[in-house]
file final.txt (compact mmCIF, C-alpha atoms)
# COMPACT_ATOMS: atom_id res chain seq x y z
CA MET A 1 1.01 -102.08 -7.95
CA SER A 2 -1.51 -104.79 -7.12
CA VAL A 3 0.26 -107.58 -9.04
CA SER A 4 3.87 -108.77 -8.62
CA VAL A 5 5.86 -111.61 -10.18
CA GLN A 6 9.11 -112.01 -8.27
CA GLN A 7 11.79 -114.41 -7.04
CA ALA A 8 11.79 -112.93 -3.56
CA ASP A 9 9.67 -114.21 -0.70
CA PHE A 10 6.86 -112.05 0.68
CA ASP A 11 5.54 -111.05 4.08
CA ALA A 12 1.86 -112.01 4.12
CA GLY A 13 1.17 -110.08 7.31
CA ALA A 14 2.66 -106.87 5.94
CA GLU A 15 0.76 -107.25 2.65
CA ILE A 16 -2.53 -107.80 4.49
CA ALA A 17 -1.92 -104.79 6.73
CA ALA A 18 -1.10 -102.61 3.70
CA LEU A 19 -4.51 -103.33 2.13
CA SER A 20 -6.36 -101.53 4.90
CA ALA A 21 -3.69 -99.03 5.99
CA GLY A 22 -5.12 -95.53 6.27
CA ARG A 23 -8.64 -96.59 5.23
CA GLU A 24 -11.86 -96.86 7.16
CA ASP A 25 -14.01 -98.51 4.47
CA VAL A 26 -12.37 -101.94 4.69
CA GLY A 27 -14.33 -104.35 6.84
CA ALA A 28 -12.75 -107.61 5.68
CA VAL A 29 -9.51 -108.91 4.20
CA ALA A 30 -9.47 -112.51 2.93
CA SER A 31 -6.12 -113.99 1.97
CA PHE A 32 -4.62 -117.16 0.55
CA VAL A 33 -1.04 -118.42 0.71
CA GLY A 34 0.08 -121.32 -1.51
CA LEU A 35 3.10 -123.39 -0.42
CA VAL A 36 5.41 -125.96 -2.01
CA ARG A 37 4.46 -129.43 -0.78
CA ALA A 38 6.88 -132.38 -0.60
CA ASP A 39 4.32 -134.63 -2.31
CA LYS A 40 4.85 -138.26 -3.08
CA GLN A 41 4.17 -138.54 -6.81
CA ALA A 42 2.50 -141.95 -6.77
CA GLY A 43 2.14 -145.08 -4.70
CA ALA A 44 2.57 -145.31 -0.96
CA GLY A 45 5.14 -146.39 1.58
CA ALA A 46 8.18 -148.11 0.12
CA ASP A 47 6.63 -148.07 -3.38
CA ALA A 48 6.20 -144.31 -3.44
CA ALA A 49 7.89 -142.29 -6.14
CA PRO A 50 10.61 -139.95 -4.86
CA SER A 51 9.28 -136.94 -3.03
CA VAL A 52 9.67 -133.44 -4.42
CA ARG A 53 12.98 -131.90 -3.38
CA ALA A 54 12.43 -128.62 -5.17
CA MET A 55 10.30 -126.93 -7.77
CA SER A 56 11.18 -124.52 -10.55
CA LEU A 57 8.58 -121.98 -11.62
CA GLU A 58 8.82 -120.78 -15.21
CA HIS A 59 6.63 -118.00 -16.59
CA TYR A 60 6.00 -115.86 -19.65
CA PRO A 61 7.42 -112.44 -18.74
CA GLY A 62 5.13 -109.68 -19.94
CA MET A 63 2.09 -111.86 -20.46
CA THR A 64 2.10 -113.10 -16.87
CA GLU A 65 1.63 -109.63 -15.42
CA LYS A 66 -1.06 -108.79 -18.00
CA ALA A 67 -2.93 -112.03 -17.34
CA LEU A 68 -2.89 -111.47 -13.56
CA GLN A 69 -4.01 -107.87 -14.00
CA ALA A 70 -6.88 -109.01 -16.24
CA ILE A 71 -7.99 -111.52 -13.59
CA VAL A 72 -7.93 -108.79 -10.94
CA GLU A 73 -9.95 -106.48 -13.20
CA GLU A 74 -12.51 -109.23 -13.77
CA ALA A 75 -12.82 -109.73 -10.00
CA ARG A 76 -13.30 -105.98 -9.56
CA GLY A 77 -16.13 -106.14 -12.09
CA ARG A 78 -17.88 -108.92 -10.19
CA TRP A 79 -17.54 -107.77 -6.59
CA ASP A 80 -17.32 -104.55 -4.67
CA ILE A 81 -13.63 -104.61 -3.76
CA CYS A 82 -11.51 -102.03 -1.91
CA GLY A 83 -8.12 -103.49 -2.77
CA VAL A 84 -6.35 -106.55 -4.18
CA ARG A 85 -2.80 -107.83 -3.88
CA VAL A 86 -1.43 -110.77 -5.91
CA ILE A 87 2.16 -112.01 -5.61
CA HIS A 88 3.47 -115.04 -7.50
CA ARG A 89 7.01 -116.24 -7.04
CA VAL A 90 9.17 -117.70 -9.84
CA GLY A 91 12.50 -119.51 -9.88
CA ARG A 92 13.59 -122.40 -7.67
CA LEU A 93 11.58 -123.10 -4.50
CA VAL A 94 11.79 -125.89 -1.93
CA PRO A 95 9.08 -127.61 0.15
CA GLY A 96 7.70 -125.22 2.74
CA ASP A 97 8.42 -122.15 0.60
CA ARG A 98 5.57 -119.78 -0.18
CA ILE A 99 4.65 -119.68 -3.91
CA VAL A 100 1.61 -117.47 -4.22
CA PHE A 101 -0.29 -114.85 -2.26
CA VAL A 102 -3.73 -113.43 -2.95
CA ALA A 103 -5.52 -111.00 -0.65
CA VAL A 104 -8.74 -109.09 -1.21
CA ALA A 105 -10.05 -106.23 0.92
CA SER A 106 -13.71 -105.32 0.87
CA ALA A 107 -16.42 -103.86 3.09
CA HIS A 108 -17.83 -107.29 3.95
CA ARG A 109 -16.44 -110.80 4.19
CA GLY A 110 -18.65 -112.34 1.48
CA GLU A 111 -17.04 -110.34 -1.32
CA ALA A 112 -13.54 -110.80 0.10
CA PHE A 113 -13.85 -114.59 0.38
CA ALA A 114 -15.46 -115.02 -3.04
CA ALA A 115 -13.09 -112.71 -4.90
CA CYS A 116 -10.03 -114.31 -3.27
CA GLU A 117 -11.14 -117.79 -4.35
CA PHE A 118 -12.08 -116.56 -7.83
CA ILE A 119 -8.67 -114.97 -8.36
CA MET A 120 -6.89 -118.17 -7.27
CA ASP A 121 -9.09 -120.36 -9.48
CA TYR A 122 -8.50 -118.17 -12.53
CA LEU A 123 -4.79 -117.80 -11.79
CA LYS A 124 -4.51 -121.61 -11.82
CA THR A 125 -5.95 -121.89 -15.33
CA ARG A 126 -5.15 -118.57 -17.03
CA ALA A 127 -1.84 -117.20 -15.79
CA PRO A 128 1.19 -118.50 -17.73
CA PHE A 129 3.21 -120.25 -15.03
CA TRP A 130 4.62 -123.77 -15.26
CA LYS A 131 6.00 -125.91 -12.43
CA LYS A 132 8.81 -128.42 -12.84
CA GLU A 133 9.39 -130.78 -9.94
CA GLU A 134 12.84 -131.94 -8.96
CA THR A 135 13.03 -135.42 -7.42
CA ALA A 136 15.85 -137.91 -6.81
CA ALA A 137 14.73 -139.55 -10.08
CA GLY A 138 15.05 -136.33 -12.10
CA GLY A 139 12.92 -133.44 -13.29
CA ARG A 140 9.26 -133.66 -14.24
CA TRP A 141 6.84 -131.04 -15.55
CA VAL A 142 3.68 -130.94 -13.47
CA ASP A 143 0.53 -131.90 -15.39
CA ALA A 144 -2.42 -129.54 -15.36
CA ARG A 145 -5.29 -130.86 -13.25
CA GLU A 146 -8.81 -131.21 -14.55
CA SER A 147 -10.08 -130.28 -11.09
CA ASP A 148 -8.52 -126.83 -11.60
CA ASP A 149 -10.48 -126.38 -14.85
CA HIS A 150 -13.65 -127.37 -13.03
CA ALA A 151 -12.92 -124.94 -10.21
CA ALA A 152 -12.49 -122.08 -12.70
CA GLY A 153 -15.53 -123.24 -14.67
CA ARG A 154 -17.81 -122.83 -11.66
CA TRP A 155 -17.33 -119.05 -11.92
CA GLU A 156 -18.35 -119.06 -15.59
CA ALA A 157 -21.72 -120.50 -14.58
CA THR A 158 -21.98 -117.89 -11.83
CA LYS A 159 -21.41 -115.12 -14.33
CA GLN A 160 -24.12 -116.40 -16.70
CA ASN A 161 -26.63 -116.68 -13.90
CA GLY A 162 -25.70 -113.33 -12.43
CA MET B 163 8.20 -111.20 -39.17
CA VAL B 164 6.47 -112.93 -36.31
CA LYS B 165 8.11 -113.75 -33.00
CA VAL B 166 7.31 -117.28 -31.84
CA LEU B 167 7.89 -118.35 -28.23
CA PHE B 168 7.81 -121.79 -26.59
CA PHE B 169 7.55 -122.51 -22.88
CA ALA B 170 8.02 -125.27 -20.29
CA GLY B 171 7.93 -128.87 -21.53
CA LEU B 172 7.36 -127.74 -25.11
CA ARG B 173 10.44 -125.48 -24.99
CA GLU B 174 12.50 -128.44 -23.77
CA ALA B 175 11.07 -130.84 -26.37
CA LEU B 176 11.86 -128.40 -29.20
CA GLY B 177 15.20 -127.30 -27.78
CA ALA B 178 14.17 -123.72 -28.57
CA ALA B 179 12.72 -120.88 -26.53
CA SER B 180 11.98 -118.47 -29.37
CA GLU B 181 12.56 -117.62 -32.97
CA SER B 182 11.63 -114.93 -35.44
CA LEU B 183 10.40 -115.95 -38.83
CA ALA B 184 8.79 -114.37 -41.86
CA LEU B 185 5.13 -115.32 -41.81
CA PRO B 186 4.81 -117.82 -44.68
CA ALA B 187 2.27 -117.04 -47.40
CA GLY B 188 -1.14 -118.46 -46.63
CA ILE B 189 -0.57 -118.71 -42.87
CA ALA B 190 -3.27 -116.59 -41.22
CA THR B 191 -4.09 -118.35 -37.94
CA ALA B 192 -2.21 -119.62 -34.89
CA GLY B 193 -3.27 -123.16 -35.78
CA ALA B 194 -1.89 -122.85 -39.30
CA LEU B 195 1.38 -121.51 -37.91
CA ARG B 196 1.48 -124.46 -35.48
CA ASP B 197 0.98 -126.90 -38.39
CA HIS B 198 3.65 -125.12 -40.45
CA LEU B 199 6.20 -125.48 -37.62
CA ALA B 200 5.18 -129.07 -36.80
CA ALA B 201 5.77 -130.00 -40.46
CA ARG B 202 9.50 -129.41 -39.95
CA GLY B 203 9.48 -132.93 -38.56
CA GLN B 204 11.41 -134.67 -35.80
CA ALA B 205 11.18 -132.80 -32.47
CA TRP B 206 8.84 -130.21 -34.03
CA GLY B 207 6.16 -132.88 -34.21
CA ALA B 208 5.63 -132.19 -30.50
CA LEU B 209 3.68 -129.09 -31.54
CA ALA B 210 1.10 -131.30 -33.25
CA SER B 211 1.10 -134.16 -30.75
CA MET B 212 0.99 -132.21 -27.50
CA LYS B 213 -2.35 -132.70 -25.80
CA ASN B 214 -4.19 -129.49 -24.93
CA LEU B 215 -1.62 -127.22 -26.56
CA ARG B 216 -2.27 -123.62 -25.57
CA VAL B 217 -1.56 -120.53 -27.65
CA ALA B 218 -1.28 -116.84 -26.91
CA VAL B 219 -1.22 -114.12 -29.56
CA ASN B 220 0.26 -110.82 -28.42
CA GLN B 221 0.25 -112.13 -24.83
CA ARG B 222 -3.45 -113.00 -24.73
CA MET B 223 -4.58 -116.62 -24.52
CA VAL B 224 -6.68 -117.43 -27.57
CA GLY B 225 -7.88 -120.41 -29.60
CA LEU B 226 -5.88 -121.98 -32.43
CA ASP B 227 -8.32 -120.32 -34.85
CA ALA B 228 -7.13 -116.85 -33.78
CA ALA B 229 -5.76 -114.62 -36.53
CA VAL B 230 -2.00 -114.13 -36.84
CA LYS B 231 -0.46 -111.32 -38.85
CA ASP B 232 2.94 -109.85 -39.50
CA GLY B 233 4.44 -108.27 -36.37
CA ASP B 234 2.57 -110.50 -33.92
CA GLU B 235 4.06 -112.37 -30.97
CA VAL B 236 2.77 -115.95 -30.89
CA ALA B 237 3.47 -118.28 -27.96
CA PHE B 238 2.81 -122.01 -27.75
CA PHE B 239 2.82 -123.82 -24.42
CA PRO B 240 1.32 -126.66 -22.35
CA PRO B 241 -1.62 -126.02 -20.00
CA VAL B 242 -0.52 -123.72 -17.19
CA THR B 243 0.31 -125.08 -13.72
CA GLY B 244 0.95 -122.08 -11.49
CA GLY B 245 -0.45 -121.25 -8.10

call {"tool": "encode", "arguments": {"input": "final.txt", "output": "structure tokens"}}
result
Amino acid sequence: MSVSVQQADFDAGAEIAALSAGREDVGAVASFVGLVRADKQAGAGADAAPSVRAMSLEHYPGMTEKALQAIVEEARGRWDICGVRVIHRVGRLVPGDRIVFVAVASAHRGEAFAACEFIMDYLKTRAPFWKKEETAAGGRWVDARESDDHAAGRWEATKQNG
Amino acid sequence: MVKVLFFAGLREALGAASESLALPAGIATAGALRDHLAARGQAWGALASMKNLRVAVNQRMVGLDAAVKDGDEVAFFPPVTGG
């Protein structure tokens, strides 16, 4: 199964190794690991809002897996890919914890890098996950970022031109 | 019947994660269903006031103009923030 939504942590090294295990056609594996950051919410120094103590990841069971699978299929349609692995964690995570893993195996690095970034950009805007930050001041749903829409939008332009 | 789901901040604002309801006569799109629910007033107004409300019909993200029919699963939620 190339897509997993799970509470458990993952072993990035083992996942990367599995993508090329027993194959001789893989020349490149590009991977991305997303982590929980203990961000200040606003301000600086003594004026800063409380830092993030933990984060809860909510998702839409059923749709989440389908949405991730659709993103992987779209990547497979755009690039020559040998294998893909996507893992997204849900539940309560603390700063330093891994949240998301994407790895793409291909014959050459260009496809692996591009497809890995594409999958992350689409995951950010199309997969039904929501983050709620826990701070000393209480809980707060994370706002979607326009920069994420722009990042995903770049690939739309690529598709039209290609 | 249609199954309606709410997620994240919207779920909290409504105090409801899901409900099943008979599709009211004349309601044929996700947007119309949204308006029908928002018209309940009070907390339900969040469905109309939420900026960039997203909708999925049968677990596919669609526009508010998407068709809704009996037996569908319709989900309303804020923009996603995973990754």

call {"tool": "residues_near_point", "arguments": {"input": "final.txt", "point": "(-21.2, -103.1, 2.0)", "cutoff": "12 Å", "atoms": "only C-alpha atoms", "output": "list in words"}}
result
Asp25, Val26, Gly27, Ala28, Trp79, Asp80, Ile81, Cys82, Ala105, Ser106, Ala107, His108, Arg109, Gly110, Glu111 and Ala112 of chain A

call {"tool": "closest_atom_pairs", "arguments": {"input": "final.txt", "of": "chain B", "to": "chain A", "cutoff": "12 Å", "atoms": "all atoms listed in the file", "output": "CSV"}}
result
residue,atom,partner,partner_atom,distance
B:Leu167,CA,A:Tyr60,CA,9.1
B:Phe168,CA,A:Tyr60,CA,9.3
B:Phe169,CA,A:Tyr60,CA,7.6
B:Ala170,CA,A:Trp130,CA,6.3
B:Gly171,CA,A:Trp141,CA,6.5
B:Leu172,CA,A:Trp141,CA,10.1
B:Arg173,CA,A:Glu58,CA,11.0
B:Glu174,CA,A:Trp141,CA,10.3
B:Ala175,CA,A:Trp141,CA,11.6
B:Ala179,CA,A:Tyr60,CA,10.8
B:Ser180,CA,A:Tyr60,CA,11.7
B:Lys213,CA,A:Asp143,CA,10.8
B:Asn214,CA,A:Ala144,CA,9.7
B:Leu215,CA,A:Ala144,CA,11.5
B:Arg216,CA,A:Pro128,CA,10.0
B:Val217,CA,A:Pro128,CA,10.5
B:Ala218,CA,A:Met63,CA,8.8
B:Val219,CA,A:Met63,CA,9.9
B:Asn220,CA,A:Met63,CA,8.2
B:Gln221,CA,A:Met63,CA,4.7
B:Arg222,CA,A:Met63,CA,7.1
B:Met223,CA,A:Arg126,CA,7.8
B:Val224,CA,A:Arg126,CA,10.7
B:Glu235,CA,A:Met63,CA,10.7
B:Val236,CA,A:Met63,CA,11.2
B:Ala237,CA,A:Tyr60,CA,9.0
B:Phe238,CA,A:Tyr60,CA,10.7
B:Phe239,CA,A:Pro128,CA,8.7
B:Pro240,CA,A:Trp130,CA,8.3
B:Pro241,CA,A:Ala144,CA,5.9
B:Val242,CA,A:Trp130,CA,5.5
B:Thr243,CA,A:Trp130,CA,4.8
B:Gly244,CA,A:Phe129,CA,4.6
B:Gly245,CA,A:Lys124,CA,5.5

call {"tool": "atom_distance", "arguments": {"input": "final.txt", "atom1": "atom CA of Asp232 of chain B", "atom2": "atom CA of Ile71 of chain A"}}
result
28.2 Å

call {"tool": "atom_distance", "arguments": {"input": "final.txt", "atom1": "atom CA of Leu195 of chain B", "atom2": "atom CA of Lys165 of chain B"}}
result
11.4 Å

call {"tool": "atom_distance", "arguments": {"input": "final.txt", "atom1": "atom CA of Asp9 of chain A", "atom2": "atom CA of Gly138 of chain A"}}
result
25.5 Å

call {"tool": "build_atoms", "arguments": {"input": "final.txt", "residues": "segment 72-100 of chain A", "atoms": "N, CA and C atoms", "output": "PDB file, keeping the file's coordinate frame"}}
result
ATOM      1  N   VAL A  72      -7.561-109.733 -12.005  1.00  0.00           N
ATOM      2  CA  VAL A  72      -7.930-108.790 -10.940  1.00  0.00           C
ATOM      3  C   VAL A  72      -9.038-107.860 -11.424  1.00  0.00           C
ATOM      4  N   GLU A  73      -8.924-107.380 -12.654  1.00  0.00           N
ATOM      5  CA  GLU A  73      -9.950-106.480 -13.200  1.00  0.00           C
ATOM      6  C   GLU A  73     -11.298-107.192 -13.283  1.00  0.00           C
ATOM      7  N   GLU A  74     -11.254-108.474 -13.672  1.00  0.00           N
ATOM      8  CA  GLU A  74     -12.510-109.230 -13.770  1.00  0.00           C
ATOM      9  C   GLU A  74     -13.142-109.381 -12.380  1.00  0.00           C
ATOM     10  N   ALA A  75     -12.307-109.620 -11.373  1.00  0.00           N
ATOM     11  CA  ALA A  75     -12.820-109.730 -10.000  1.00  0.00           C
ATOM     12  C   ALA A  75     -13.441-108.404  -9.552  1.00  0.00           C
ATOM     13  N   ARG A  76     -12.784-107.302  -9.925  1.00  0.00           N
ATOM     14  CA  ARG A  76     -13.300-105.980  -9.560  1.00  0.00           C
ATOM     15  C   ARG A  76     -14.659-105.708 -10.218  1.00  0.00           C
ATOM     16  N   GLY A  77     -14.855-106.307 -11.399  1.00  0.00           N
ATOM     17  CA  GLY A  77     -16.130-106.140 -12.090  1.00  0.00           C
ATOM     18  C   GLY A  77     -17.248-106.961 -11.463  1.00  0.00           C
ATOM     19  N   ARG A  78     -16.873-108.015 -10.759  1.00  0.00           N
ATOM     20  CA  ARG A  78     -17.880-108.920 -10.190  1.00  0.00           C
ATOM     21  C   ARG A  78     -18.257-108.568  -8.758  1.00  0.00           C
ATOM     22  N   TRP A  79     -17.294-108.051  -8.009  1.00  0.00           N
ATOM     23  CA  TRP A  79     -17.540-107.770  -6.590  1.00  0.00           C
ATOM     24  C   TRP A  79     -17.109-106.359  -6.237  1.00  0.00           C
ATOM     25  N   ASP A  80     -17.673-105.873  -5.165  1.00  0.00           N
ATOM     26  CA  ASP A  80     -17.320-104.550  -4.670  1.00  0.00           C
ATOM     27  C   ASP A  80     -16.063-104.710  -3.813  1.00  0.00           C
ATOM     28  N   ILE A  81     -14.936-104.332  -4.381  1.00  0.00           N
ATOM     29  CA  ILE A  81     -13.630-104.610  -3.760  1.00  0.00           C
ATOM     30  C   ILE A  81     -12.897-103.310  -3.467  1.00  0.00           C
ATOM     31  N   CYS A  82     -12.297-103.230  -2.280  1.00  0.00           N
ATOM     32  CA  CYS A  82     -11.510-102.030  -1.910  1.00  0.00           C
ATOM     33  C   CYS A  82     -10.071-102.131  -2.398  1.00  0.00           C
ATOM     34  N   GLY A  83      -9.514-103.329  -2.374  1.00  0.00           N
ATOM     35  CA  GLY A  83      -8.120-103.490  -2.770  1.00  0.00           C
ATOM     36  C   GLY A  83      -7.782-104.950  -3.008  1.00  0.00           C
ATOM     37  N   VAL A  84      -6.788-105.190  -3.862  1.00  0.00           N
ATOM     38  CA  VAL A  84      -6.350-106.550  -4.180  1.00  0.00           C
ATOM     39  C   VAL A  84      -4.830-106.583  -4.226  1.00  0.00           C
ATOM     40  N   ARG A  85      -4.242-107.646  -3.755  1.00  0.00           N
ATOM     41  CA  ARG A  85      -2.800-107.830  -3.880  1.00  0.00           C
ATOM     42  C   ARG A  85      -2.548-109.273  -4.327  1.00  0.00           C
ATOM     43  N   VAL A  86      -1.804-109.440  -5.418  1.00  0.00           N
ATOM     44  CA  VAL A  86      -1.430-110.770  -5.910  1.00  0.00           C
ATOM     45  C   VAL A  86       0.087-110.809  -6.061  1.00  0.00           C
ATOM     46  N   ILE A  87       0.703-111.812  -5.468  1.00  0.00           N
ATOM     47  CA  ILE A  87       2.160-112.010  -5.610  1.00  0.00           C
ATOM     48  C   ILE A  87       2.374-113.461  -6.026  1.00  0.00           C
ATOM     49  N   HIS A  88       3.129-113.671  -7.105  1.00  0.00           N
ATOM     50  CA  HIS A  88       3.470-115.040  -7.500  1.00  0.00           C
ATOM     51  C   HIS A  88       4.979-115.128  -7.627  1.00  0.00           C
ATOM     52  N   ARG A  89       5.553-116.090  -6.965  1.00  0.00           N
ATOM     53  CA  ARG A  89       7.010-116.240  -7.040  1.00  0.00           C
ATOM     54  C   ARG A  89       7.404-117.103  -8.239  1.00  0.00           C
ATOM     55  N   VAL A  90       8.610-116.887  -8.758  1.00  0.00           N
ATOM     56  CA  VAL A  90       9.170-117.700  -9.840  1.00  0.00           C
ATOM     57  C   VAL A  90      10.588-118.105  -9.434  1.00  0.00           C
ATOM     58  N   GLY A  91      11.157-119.028 -10.191  1.00  0.00           N
ATOM     59  CA  GLY A  91      12.500-119.510  -9.880  1.00  0.00           C
ATOM     60  C   GLY A  91      12.423-120.809  -9.085  1.00  0.00           C
ATOM     61  N   ARG A  92      13.511-121.125  -8.366  1.00  0.00           N
ATOM     62  CA  ARG A  92      13.590-122.400  -7.670  1.00  0.00           C
ATOM     63  C   ARG A  92      13.110-122.272  -6.226  1.00  0.00           C
ATOM     64  N   LEU A  93      12.155-123.125  -5.851  1.00  0.00           N
ATOM     65  CA  LEU A  93      11.580-123.100  -4.500  1.00  0.00           C
ATOM     66  C   LEU A  93      11.647-124.502  -3.908  1.00  0.00           C
ATOM     67  N   VAL A  94      11.712-124.589  -2.595  1.00  0.00           N
ATOM     68  CA  VAL A  94      11.790-125.890  -1.930  1.00  0.00           C
ATOM     69  C   VAL A  94      10.554-126.086  -1.045  1.00  0.00           C
ATOM     70  N   PRO A  95      10.266-127.363  -0.670  1.00  0.00           N
ATOM     71  CA  PRO A  95       9.080-127.610   0.150  1.00  0.00           C
ATOM     72  C   PRO A  95       9.043-126.698   1.386  1.00  0.00           C
ATOM     73  N   GLY A  96       7.859-126.163   1.634  1.00  0.00           N
ATOM     74  CA  GLY A  96       7.700-125.220   2.740  1.00  0.00           C
ATOM     75  C   GLY A  96       7.743-123.777   2.283  1.00  0.00           C
ATOM     76  N   ASP A  97       8.344-123.534   1.101  1.00  0.00           N
ATOM     77  CA  ASP A  97       8.420-122.150   0.600  1.00  0.00           C
ATOM     78  C   ASP A  97       7.034-121.670   0.172  1.00  0.00           C
ATOM     79  N   ARG A  98       6.797-120.385   0.341  1.00  0.00           N
ATOM     80  CA  ARG A  98       5.570-119.780  -0.180  1.00  0.00           C
ATOM     81  C   ARG A  98       5.719-119.588  -1.687  1.00  0.00           C
ATOM     82  N   ILE A  99       4.652-119.890  -2.448  1.00  0.00           N
ATOM     83  CA  ILE A  99       4.650-119.680  -3.910  1.00  0.00           C
ATOM     84  C   ILE A  99       3.795-118.484  -4.287  1.00  0.00           C
ATOM     85  N   VAL A 100       2.591-118.440  -3.723  1.00  0.00           N
ATOM     86  CA  VAL A 100       1.610-117.470  -4.220  1.00  0.00           C
ATOM     87  C   VAL A 100       0.844-116.844  -3.068  1.00  0.00           C
TER      88      VAL A 100
END
